[in-house]
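A.B. asks: I am attaching a structure below and will ask some questions about it afterwards.
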Amino acid sequence: MMDDRIIDLRSDTVTKPSAEMRRAMAEAEVGDDVFLEDPTVNRLQARAAQIFGREAALFVPSGTMGNLTCLLAHTRPGQEVICEQKSHIYNMEMASMSAVGGVLPRPIAAEDGIMTWEQVSRAIRPKVYSRAQTALVCVENTHNLAGGSVYPSELLYEICDRAHEAGLLVHLDGSRIFNAATYLGEDVAGITKKFDSVQFCLSKGLGAPVGSMVVGSRAFIERCRSIRKMVGGGMRQAGVLAAPGLIALEKGPQRLHIDHENAKILAEGLAKTPCIGLNPAKVQTNIVIFDIRETGLSASDFLAELARRKVLGVPVDSDKVRMVTHLDVGRSDVDYAVAVVQEMVGSFSRRPAGTLAS
Ligand SMILES: *Cc1c(COP(=O)(O)O)cnc(C)c1O
């Protein structure tokens with residue numbers, strides 16, 4: 001840890017492209033992707049489809065656009081989409097499913113963000129003509145705001161099979177699906193095989209500067225290509241972005257276990273700190289969410305104090321803070337972050353009340 005360095009644990013999106021990625025960007029072969037003529041984008045799409053064992057894939061500028069594109073492809077206005085209450089699609093995507101897609105979210109609360117089929121099935125609307133009809137189930141794996149939790153694969157198969165029997169489609173917000181696969185020791189093709197569509201991010205733990213992929217059947221991806229254009233995501237010489245994406249896809253997954261180890265160390269260190277509420281046994285991947293209520297500070301004040309000590313996180317709500325490990329933070333950074341939190345919390349308890357802001 002260099003002295004003036006900031007330990008940025010706000011998200012795994014903050015990683016900067018490596019020298020190898022920069023080189024690949026400079027040297028990328030490009031063409032107009034709206035004419036399907038960008039060879040680097042075409043290679044990235046072919047490789048993503050191959051890795052997921054699907055017919056086709058589509059490069060999109062963000063996970064939000066990837067999710068929206070799939071949602072628009074799967075639904076009509078007036079239909080309902082079952083999703084988990086803390087899901088990204090419901091909380092962090094500008095209500096795009098309603099604002100753009102005209103569909104109504106039907107959120108259900110699940111422990112650790114992991115929905116069971118039983119919970120999903122109870123939210124399906126009866127086939128009564130005056131009722132909005134359920135069209136789609138959205139699953140998030142890993143679950144971001146539930147602290148990077150992972151679905152057991154058997155549960156995913158059950159949800160997909162039973163949903164299909166009920167005439168519903170199933171979309172996976174797999175922004176961090178490679179983290180889930182790493183945790184389970186399984187491959188992404190297997191975990192995701194029963195979903196009608198999958199979105200995953202290149203720009204998070206895998207380390208690319210920009211972009212997500214949607215994978216599915218050829219017919220589905222062709223529909224998504226039109227929808228992507230409709231929502232303004234048709235890109236031109238996008239090979240300069242696909243080139244680092246290819247490196248992220250090939251090399252990123254192999255090192256995610258390091259992020260998970262660092263998250264565990266972070267969680268265990270934080271859990272030992274007075275006034276920090278956290279069960280490290282629940283930390284499965286690279287996301288650590290902890291409760292700071294007992295420090296007497298709000299999450300934003302806690303984070304402002306932490307930022308003065310050059311460690312960054314984000315608030316989840318007024319009582320909870322999130323930290324995420326990634327390829328730009330090492331073991332020593334994590335140790336430093338723990339030491340800083342311990343020192344900081346200790347210093348509050350020695351200070352008279354009300355003097356913190358000075
Ligand atoms: C980050 C994220 C997204 C959206 O990705 P952006 O590229 O930031 O639009 C969607 N779902 C989940 C679970 C995420 O963590």
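Residues are named by chain letter and number: chains run A, B, ... in the order of the structure tokens, numbers start at 1 in each chain, and ligands are numbered from 1 in the order shown.
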Produce a table with one row for each residue of chain A that has an atom at most 9 Å from any atom of ligand 1, each row naming the nearest atom pair and its distance in Å at one decimal; use only C-alpha atoms and all ligand atoms; arrange rows by chain and rising residue number; format as CSV.
C.D. replies:
residue,atom,partner,partner_atom_place_in_ligand_line,distance
A:Ser11,CA,ligand 1,1 (C),8.8
A:Asp12,CA,ligand 1,1 (C),8.8
A:Thr13,CA,ligand 1,1 (C),7.7
A:Pro61,CA,ligand 1,7 (O),7.3
A:Ser62,CA,ligand 1,7 (O),3.7
A:Gly63,CA,ligand 1,5 (O),3.4
A:Thr64,CA,ligand 1,9 (O),3.6
A:Met65,CA,ligand 1,9 (O),6.4
A:Gly66,CA,ligand 1,9 (O),7.8
A:Asn67,CA,ligand 1,10 (C),7.0
A:Ser87,CA,ligand 1,13 (C),6.7
A:His88,CA,ligand 1,11 (N),4.8
A:Ile89,CA,ligand 1,11 (N),6.2
A:Met92,CA,ligand 1,10 (C),7.7
A:Glu93,CA,ligand 1,4 (C),7.3
A:Glu140,CA,ligand 1,13 (C),5.9
A:Asn141,CA,ligand 1,13 (C),7.2
A:Thr142,CA,ligand 1,13 (C),7.0
A:His143,CA,ligand 1,13 (C),6.0
A:Asn144,CA,ligand 1,13 (C),5.1
A:Leu145,CA,ligand 1,13 (C),7.8
A:Gly148,CA,ligand 1,13 (C),8.9
A:Asp173,CA,ligand 1,11 (N),5.7
A:Gly174,CA,ligand 1,13 (C),6.8
A:Ser175,CA,ligand 1,12 (C),5.0
A:Arg176,CA,ligand 1,15 (O),6.8
A:Gln199,CA,ligand 1,10 (C),8.3
A:Phe200,CA,ligand 1,10 (C),8.1
A:Cys201,CA,ligand 1,7 (O),6.4
A:Leu202,CA,ligand 1,7 (O),8.4
A:Ser203,CA,ligand 1,7 (O),6.8
A:Lys204,CA,ligand 1,1 (C),7.2
A:Val210,CA,ligand 1,7 (O),7.6
A:Gly211,CA,ligand 1,7 (O),6.5
A:Ser212,CA,ligand 1,7 (O),6.5
A.B. asks: Write to file, as a CSV table (one decimal), in the first residue's frame, the residues of the selection just made, with N, CA, C and O atoms.
C.D. replies:
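Once written, part15.csv looks like this:
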chain,number,residue,atom,x,y,z
A,11,SER,N,-16.8,-0.4,-5.6
A,11,SER,CA,-17.4,-1.4,-6.5
A,11,SER,C,-16.3,-2.1,-7.3
A,11,SER,O,-15.2,-1.5,-7.4
A,12,ASP,N,-16.6,-3.2,-7.8
A,12,ASP,CA,-15.7,-3.9,-8.8
A,12,ASP,C,-15.8,-3.2,-10.2
A,12,ASP,O,-15.1,-3.7,-11.1
A,13,THR,N,-16.6,-2.2,-10.3
A,13,THR,CA,-16.6,-1.5,-11.6
A,13,THR,C,-15.4,-0.4,-11.7
A,13,THR,O,-15.2,0.1,-12.8
A,61,PRO,N,-23.7,-1.8,-24.2
A,61,PRO,CA,-22.8,-0.8,-23.5
A,61,PRO,C,-22.9,-1.0,-21.9
A,61,PRO,O,-21.9,-0.6,-21.3
A,62,SER,N,-23.9,-1.5,-21.4
A,62,SER,CA,-24.0,-1.6,-19.9
A,62,SER,C,-24.9,-2.8,-19.5
A,62,SER,O,-25.7,-3.3,-20.3
A,63,GLY,N,-24.8,-3.2,-18.2
A,63,GLY,CA,-25.7,-4.2,-17.7
A,63,GLY,C,-27.1,-3.8,-17.7
A,63,GLY,O,-28.0,-4.5,-18.0
A,64,THR,N,-27.3,-2.5,-17.4
A,64,THR,CA,-28.7,-1.9,-17.4
A,64,THR,C,-29.3,-2.1,-18.7
A,64,THR,O,-30.5,-2.5,-18.8
A,65,MET,N,-28.6,-1.7,-19.8
A,65,MET,CA,-29.1,-1.9,-21.1
A,65,MET,C,-29.4,-3.3,-21.5
A,65,MET,O,-30.3,-3.7,-22.1
A,66,GLY,N,-28.4,-4.2,-21.0
A,66,GLY,CA,-28.6,-5.6,-21.3
A,66,GLY,C,-29.9,-6.2,-20.7
A,66,GLY,O,-30.7,-6.9,-21.3
A,67,ASN,N,-30.1,-5.8,-19.4
A,67,ASN,CA,-31.3,-6.3,-18.7
A,67,ASN,C,-32.5,-5.7,-19.4
A,67,ASN,O,-33.5,-6.4,-19.6
A,87,SER,N,-33.5,-6.6,-5.7
A,87,SER,CA,-32.8,-6.8,-7.0
A,87,SER,C,-32.4,-5.5,-7.6
A,87,SER,O,-33.0,-4.4,-7.5
A,88,HIS,N,-31.3,-5.5,-8.4
A,88,HIS,CA,-30.8,-4.4,-9.1
A,88,HIS,C,-31.8,-3.9,-10.1
A,88,HIS,O,-32.0,-2.7,-10.2
A,89,ILE,N,-32.4,-4.8,-10.8
A,89,ILE,CA,-33.4,-4.5,-11.8
A,89,ILE,C,-34.5,-3.7,-11.3
A,89,ILE,O,-35.1,-2.8,-11.9
A,92,MET,N,-32.2,-0.2,-9.0
A,92,MET,CA,-31.0,0.6,-9.5
A,92,MET,C,-31.0,0.8,-11.0
A,92,MET,O,-29.9,1.2,-11.5
A,93,GLU,N,-32.1,0.6,-11.7
A,93,GLU,CA,-32.1,0.8,-13.1
A,93,GLU,C,-33.1,1.8,-13.6
A,93,GLU,O,-33.7,1.7,-14.6
A,140,GLU,N,-31.4,-12.8,-9.9
A,140,GLU,CA,-30.1,-12.1,-9.8
A,140,GLU,C,-29.1,-13.0,-9.1
A,140,GLU,O,-29.3,-13.4,-8.0
A,141,ASN,N,-28.0,-13.3,-9.8
A,141,ASN,CA,-27.0,-14.3,-9.3
A,141,ASN,C,-25.6,-13.9,-9.8
A,141,ASN,O,-25.4,-13.9,-11.0
A,142,THR,N,-24.7,-13.4,-8.9
A,142,THR,CA,-24.8,-13.3,-7.5
A,142,THR,C,-25.8,-12.1,-7.2
A,142,THR,O,-26.0,-11.2,-8.0
A,143,HIS,N,-26.3,-12.1,-6.0
A,143,HIS,CA,-27.2,-11.0,-5.6
A,143,HIS,C,-26.5,-9.9,-4.9
A,143,HIS,O,-25.9,-10.1,-3.8
A,144,ASN,N,-26.4,-8.8,-5.6
A,144,ASN,CA,-25.6,-7.6,-5.2
A,144,ASN,C,-26.0,-7.1,-3.8
A,144,ASN,O,-25.2,-7.2,-2.9
A,145,LEU,N,-27.2,-6.6,-3.7
A,145,LEU,CA,-27.6,-5.9,-2.4
A,145,LEU,C,-27.8,-6.9,-1.3
A,145,LEU,O,-28.0,-6.5,-0.1
A,148,GLY,N,-23.7,-10.3,-2.3
A,148,GLY,CA,-23.0,-11.2,-3.2
A,148,GLY,C,-23.4,-12.7,-3.0
A,148,GLY,O,-22.6,-13.6,-3.3
A,173,ASP,N,-30.2,-11.9,-14.4
A,173,ASP,CA,-29.3,-10.8,-14.3
A,173,ASP,C,-28.0,-11.4,-13.6
A,173,ASP,O,-27.9,-11.5,-12.4
A,174,GLY,N,-27.1,-11.9,-14.6
A,174,GLY,CA,-25.9,-12.5,-14.1
A,174,GLY,C,-24.7,-11.6,-14.2
A,174,GLY,O,-23.7,-12.0,-14.7
A,175,SER,N,-24.9,-10.4,-13.8
A,175,SER,CA,-23.9,-9.4,-13.8
A,175,SER,C,-22.6,-10.0,-13.2
A,175,SER,O,-21.5,-9.7,-13.8
A,176,ARG,N,-22.7,-10.7,-12.1
A,176,ARG,CA,-21.5,-11.4,-11.5
A,176,ARG,C,-21.6,-12.9,-11.6
A,176,ARG,O,-21.3,-13.6,-10.6
A,199,GLN,N,-27.8,-11.9,-18.9
A,199,GLN,CA,-26.9,-10.7,-19.1
A,199,GLN,C,-25.8,-10.9,-18.1
A,199,GLN,O,-26.0,-11.3,-16.9
A,200,PHE,N,-24.6,-10.7,-18.6
A,200,PHE,CA,-23.4,-10.6,-17.6
A,200,PHE,C,-22.5,-9.5,-18.0
A,200,PHE,O,-22.5,-9.0,-19.1
A,201,CYS,N,-21.8,-9.0,-16.9
A,201,CYS,CA,-21.0,-7.8,-17.1
A,201,CYS,C,-19.5,-8.1,-17.3
A,201,CYS,O,-19.0,-9.0,-16.6
A,202,LEU,N,-18.9,-7.5,-18.3
A,202,LEU,CA,-17.5,-7.6,-18.5
A,202,LEU,C,-16.8,-6.5,-17.6
A,202,LEU,O,-15.6,-6.6,-17.3
A,203,SER,N,-17.5,-5.5,-17.3
A,203,SER,CA,-17.0,-4.3,-16.6
A,203,SER,C,-16.9,-4.4,-15.1
A,203,SER,O,-16.5,-3.4,-14.5
A,204,LYS,N,-17.2,-5.5,-14.5
A,204,LYS,CA,-17.1,-5.6,-13.1
A,204,LYS,C,-15.8,-6.5,-12.7
A,204,LYS,O,-14.7,-6.1,-13.1
A,210,VAL,N,-15.6,-1.2,-20.1
A,210,VAL,CA,-17.0,-1.0,-20.5
A,210,VAL,C,-17.6,-2.3,-21.0
A,210,VAL,O,-17.0,-3.0,-21.7
A,211,GLY,N,-18.9,-2.4,-20.7
A,211,GLY,CA,-19.7,-3.4,-21.5
A,211,GLY,C,-20.2,-4.6,-20.8
A,211,GLY,O,-19.7,-5.0,-19.7
A,212,SER,N,-21.3,-5.1,-21.3
A,212,SER,CA,-22.0,-6.3,-20.9
A,212,SER,C,-22.3,-7.2,-22.1
A,212,SER,O,-22.3,-6.7,-23.2
A.B. asks: Between range 309-330 of chain A and range 258-267 of chain A, at 9 Å or less, what are the per-residue closest atom pairs and their distances in Å? Count only C-alpha atoms, order by chain and rising residue number, and return it as a Markdown table.
C.D. replies:
| residue | atom | partner | partner_atom | distance |
| --- | --- | --- | --- | --- |
| A:Met323 | CA | A:Ala263 | CA | 8.4 |
| A:Val324 | CA | A:Ala263 | CA | 7.2 |
| A:Thr325 | CA | A:Asp259 | CA | 5.3 |
| A:His326 | CA | A:Asp259 | CA | 5.5 |
| A:Leu327 | CA | A:Asp259 | CA | 6.9 |
| A:Val329 | CA | A:Asp259 | CA | 8.4 |
| A:Gly330 | CA | A:Asn262 | CA | 7.4 |
A.B. asks: Write to file, as a PDB file, in the first residue's frame, the residues of the selection just made, with N, CA and C atoms.
C.D. replies:
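Saved file out_6.pdb follows:
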ATOM      1  N   MET A 323     -18.703  -2.896   0.761  1.00  0.00           N
ATOM      2  CA  MET A 323     -17.354  -2.867   0.197  1.00  0.00           C
ATOM      3  C   MET A 323     -17.203  -4.052  -0.743  1.00  0.00           C
ATOM      4  N   VAL A 324     -16.523  -3.819  -1.854  1.00  0.00           N
ATOM      5  CA  VAL A 324     -16.382  -4.849  -2.886  1.00  0.00           C
ATOM      6  C   VAL A 324     -14.903  -5.009  -3.228  1.00  0.00           C
ATOM      7  N   THR A 325     -14.433  -6.251  -3.245  1.00  0.00           N
ATOM      8  CA  THR A 325     -13.037  -6.494  -3.636  1.00  0.00           C
ATOM      9  C   THR A 325     -12.952  -6.711  -5.147  1.00  0.00           C
ATOM     10  N   HIS A 326     -11.791  -6.418  -5.696  1.00  0.00           N
ATOM     11  CA  HIS A 326     -11.607  -6.498  -7.164  1.00  0.00           C
ATOM     12  C   HIS A 326     -10.130  -6.541  -7.497  1.00  0.00           C
ATOM     13  N   LEU A 327      -9.812  -6.592  -8.785  1.00  0.00           N
ATOM     14  CA  LEU A 327      -8.419  -6.844  -9.169  1.00  0.00           C
ATOM     15  C   LEU A 327      -7.472  -5.688  -8.899  1.00  0.00           C
ATOM     16  N   VAL A 329      -7.395  -4.184  -5.920  1.00  0.00           N
ATOM     17  CA  VAL A 329      -7.053  -4.166  -4.486  1.00  0.00           C
ATOM     18  C   VAL A 329      -6.449  -5.510  -4.094  1.00  0.00           C
ATOM     19  N   GLY A 330      -5.338  -5.435  -3.408  1.00  0.00           N
ATOM     20  CA  GLY A 330      -4.632  -6.650  -2.991  1.00  0.00           C
ATOM     21  C   GLY A 330      -4.866  -6.940  -1.524  1.00  0.00           C
TER      22      GLY A 330
END
A.B. asks: Tell me which protein, DNA and RNA residues are within 8 Å of range 221-232 of chain A, counting only C-alpha atoms, leaving out same-chain ones fewer than 5 positions away, and put them as a PDB file with C-alpha atoms, in the first residue's frame.
C.D. replies:
ATOM      1  CA  ALA A  56     -25.533 -16.248 -30.027  1.00  0.00           C
ATOM      2  CA  ALA A  57     -24.505 -13.250 -27.943  1.00  0.00           C
ATOM      3  CA  LEU A  58     -24.779  -9.471 -28.167  1.00  0.00           C
ATOM      4  CA  VAL A  60     -24.221  -4.005 -25.042  1.00  0.00           C
ATOM      5  CA  MET A  65     -29.145  -1.855 -21.122  1.00  0.00           C
ATOM      6  CA  THR A  69     -33.143  -5.247 -23.766  1.00  0.00           C
ATOM      7  CA  CYS A  70     -33.983  -8.742 -22.505  1.00  0.00           C
ATOM      8  CA  LEU A  72     -38.369  -5.680 -23.660  1.00  0.00           C
ATOM      9  CA  ALA A  73     -37.783  -8.791 -25.773  1.00  0.00           C
ATOM     10  CA  VAL A 214     -26.517 -10.830 -23.508  1.00  0.00           C
ATOM     11  CA  VAL A 215     -26.583 -14.510 -24.476  1.00  0.00           C
ATOM     12  CA  GLY A 216     -29.421 -16.676 -25.764  1.00  0.00           C
TER      13      GLY A 216
END
A.B. asks: I need the residues of range 170-298 of chain A that end up classed as alpha helix (DSSP H) by DSSP on the backbone, written out as a ChimeraX atom specification.
C.D. replies: /A:177-184,188-192,218-230,239-251,256-271
A.B. asks: Apply DSSP to the backbone of this structure and, from range 120-314 of chain A, keep only the residues in strand (DSSP E); write these as number ranges by chain.
C.D. replies: A: 134-140, 169-173, 197-201, 212-216, 287-291, 311-312, 314
A.B. asks: Name the residues in contact with Glu27 in chain A at a cut-off of 12 Å, using only C-alpha atoms, excluding same-chain residues fewer than 6 positions from it; report them as a ChimeraX atom specification.
C.D. replies: /A:20-21,40,239-244
A.B. asks: Would you output that residue set with C-alpha atoms, as a PDB file, in the first residue's frame?
C.D. replies:
ATOM      1  CA  GLU A  20      -2.521  -5.366 -22.096  1.00  0.00           C
ATOM      2  CA  MET A  21      -6.088  -4.088 -22.518  1.00  0.00           C
ATOM      3  CA  THR A  40     -13.547  -7.679 -32.849  1.00  0.00           C
ATOM      4  CA  GLY A 239     -14.118  -3.102 -31.464  1.00  0.00           C
ATOM      5  CA  VAL A 240     -12.006  -0.749 -29.360  1.00  0.00           C
ATOM      6  CA  LEU A 241     -14.316  -1.657 -26.452  1.00  0.00           C
ATOM      7  CA  ALA A 242     -14.771  -5.299 -27.395  1.00  0.00           C
ATOM      8  CA  ALA A 243     -10.989  -5.877 -27.442  1.00  0.00           C
ATOM      9  CA  PRO A 244     -10.491  -5.369 -23.686  1.00  0.00           C
TER      10      PRO A 244
END
A.B. asks: Given the choices A:Lys194, A:Arg293, A:Arg125, A:Arg131, which gets closest to Ile159 in chain A if the distance is worked out from only C-alpha atoms?
C.D. replies: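 Answer, going by the shortest atom-to-atom distance: A:Lys194.
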A.B. asks: Pick out the closest residue to Ala281 in chain A from this set: A:Ile108, A:Ser149, A:Pro315, A:Leu71. Count only C-alpha atoms.
C.D. replies: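 Closest to Ala281 in chain A of all the choices is A:Ser149.
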A.B. asks: From the list A:Arg236, A:Val137, A:Phe302, A:Thr15, which residue is nearest Leu206 in chain A when using only C-alpha atoms?
C.D. replies: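 Nearest to Leu206 in chain A: A:Thr15.
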A.B. asks: Do you know which residues are at most 10 Å from Val340 in chain A counting only C-alpha atoms, after dropping those on the same chain fewer than 3 positions away, and could you put them as a PDB file with N, CA and C atoms, in the first residue's frame?
C.D. replies:
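Final output, saved to out03.pdb:
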ATOM      1  N   LEU A 306     -14.337   7.626   6.755  1.00  0.00           N
ATOM      2  CA  LEU A 306     -13.455   6.618   6.162  1.00  0.00           C
ATOM      3  C   LEU A 306     -12.710   7.202   4.948  1.00  0.00           C
ATOM      4  N   ARG A 309      -9.665   8.952   5.542  1.00  0.00           N
ATOM      5  CA  ARG A 309      -8.536   8.025   5.778  1.00  0.00           C
ATOM      6  C   ARG A 309      -8.222   7.223   4.522  1.00  0.00           C
ATOM      7  N   LYS A 310      -8.758   7.666   3.392  1.00  0.00           N
ATOM      8  CA  LYS A 310      -8.415   7.110   2.075  1.00  0.00           C
ATOM      9  C   LYS A 310      -8.907   5.679   1.830  1.00  0.00           C
ATOM     10  N   VAL A 311     -10.036   5.360   2.464  1.00  0.00           N
ATOM     11  CA  VAL A 311     -10.695   4.079   2.174  1.00  0.00           C
ATOM     12  C   VAL A 311     -12.133   4.397   1.763  1.00  0.00           C
ATOM     13  N   VAL A 334      -6.542  -4.702   1.689  1.00  0.00           N
ATOM     14  CA  VAL A 334      -7.653  -5.168   2.517  1.00  0.00           C
ATOM     15  C   VAL A 334      -7.262  -5.119   3.997  1.00  0.00           C
ATOM     16  N   ASP A 335      -6.048  -5.555   4.300  1.00  0.00           N
ATOM     17  CA  ASP A 335      -5.561  -5.489   5.690  1.00  0.00           C
ATOM     18  C   ASP A 335      -5.551  -4.028   6.158  1.00  0.00           C
ATOM     19  N   TYR A 336      -5.107  -3.157   5.267  1.00  0.00           N
ATOM     20  CA  TYR A 336      -5.063  -1.729   5.605  1.00  0.00           C
ATOM     21  C   TYR A 336      -6.480  -1.196   5.876  1.00  0.00           C
ATOM     22  N   ALA A 337      -7.423  -1.565   5.025  1.00  0.00           N
ATOM     23  CA  ALA A 337      -8.807  -1.095   5.184  1.00  0.00           C
ATOM     24  C   ALA A 337      -9.372  -1.548   6.533  1.00  0.00           C
ATOM     25  N   GLU A 343      -9.259   1.436  13.722  1.00  0.00           N
ATOM     26  CA  GLU A 343      -8.725   2.661  14.331  1.00  0.00           C
ATOM     27  C   GLU A 343      -9.822   3.725  14.404  1.00  0.00           C
ATOM     28  N   MET A 344     -10.585   3.854  13.325  1.00  0.00           N
ATOM     29  CA  MET A 344     -11.607   4.896  13.240  1.00  0.00           C
ATOM     30  C   MET A 344     -12.720   4.665  14.269  1.00  0.00           C
ATOM     31  N   VAL A 345     -13.216   3.438  14.324  1.00  0.00           N
ATOM     32  CA  VAL A 345     -14.296   3.127  15.267  1.00  0.00           C
ATOM     33  C   VAL A 345     -13.790   3.320  16.698  1.00  0.00           C
ATOM     34  N   GLY A 346     -12.546   2.924  16.943  1.00  0.00           N
ATOM     35  CA  GLY A 346     -11.947   3.129  18.263  1.00  0.00           C
ATOM     36  C   GLY A 346     -11.872   4.599  18.628  1.00  0.00           C
TER      37      GLY A 346
END
A.B. asks: Would you mind reading off the distance between CA of Ala339 in chain A and CA of Thr285 in chain A, one decimal, in Å?
C.D. replies: 21.4 Å
A.B. asks: So the first atom is CA of Ile276 in chain A and the second is CA of Val314 in chain A; what is the distance between them in Å, to one decimal place?
C.D. replies: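 Between CA of Ile276 in chain A and CA of Val314 in chain A the gap is 15.3 Å.
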A.B. asks: Name the closest residue to Lys86 in chain A among the candidates A:Arg47, A:Ala28, A:Asp112, A:Gln284; distances are taken between atoms, counting only C-alpha atoms.
C.D. replies: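 Smallest separation from Lys86 in chain A among the options: A:Asp112.
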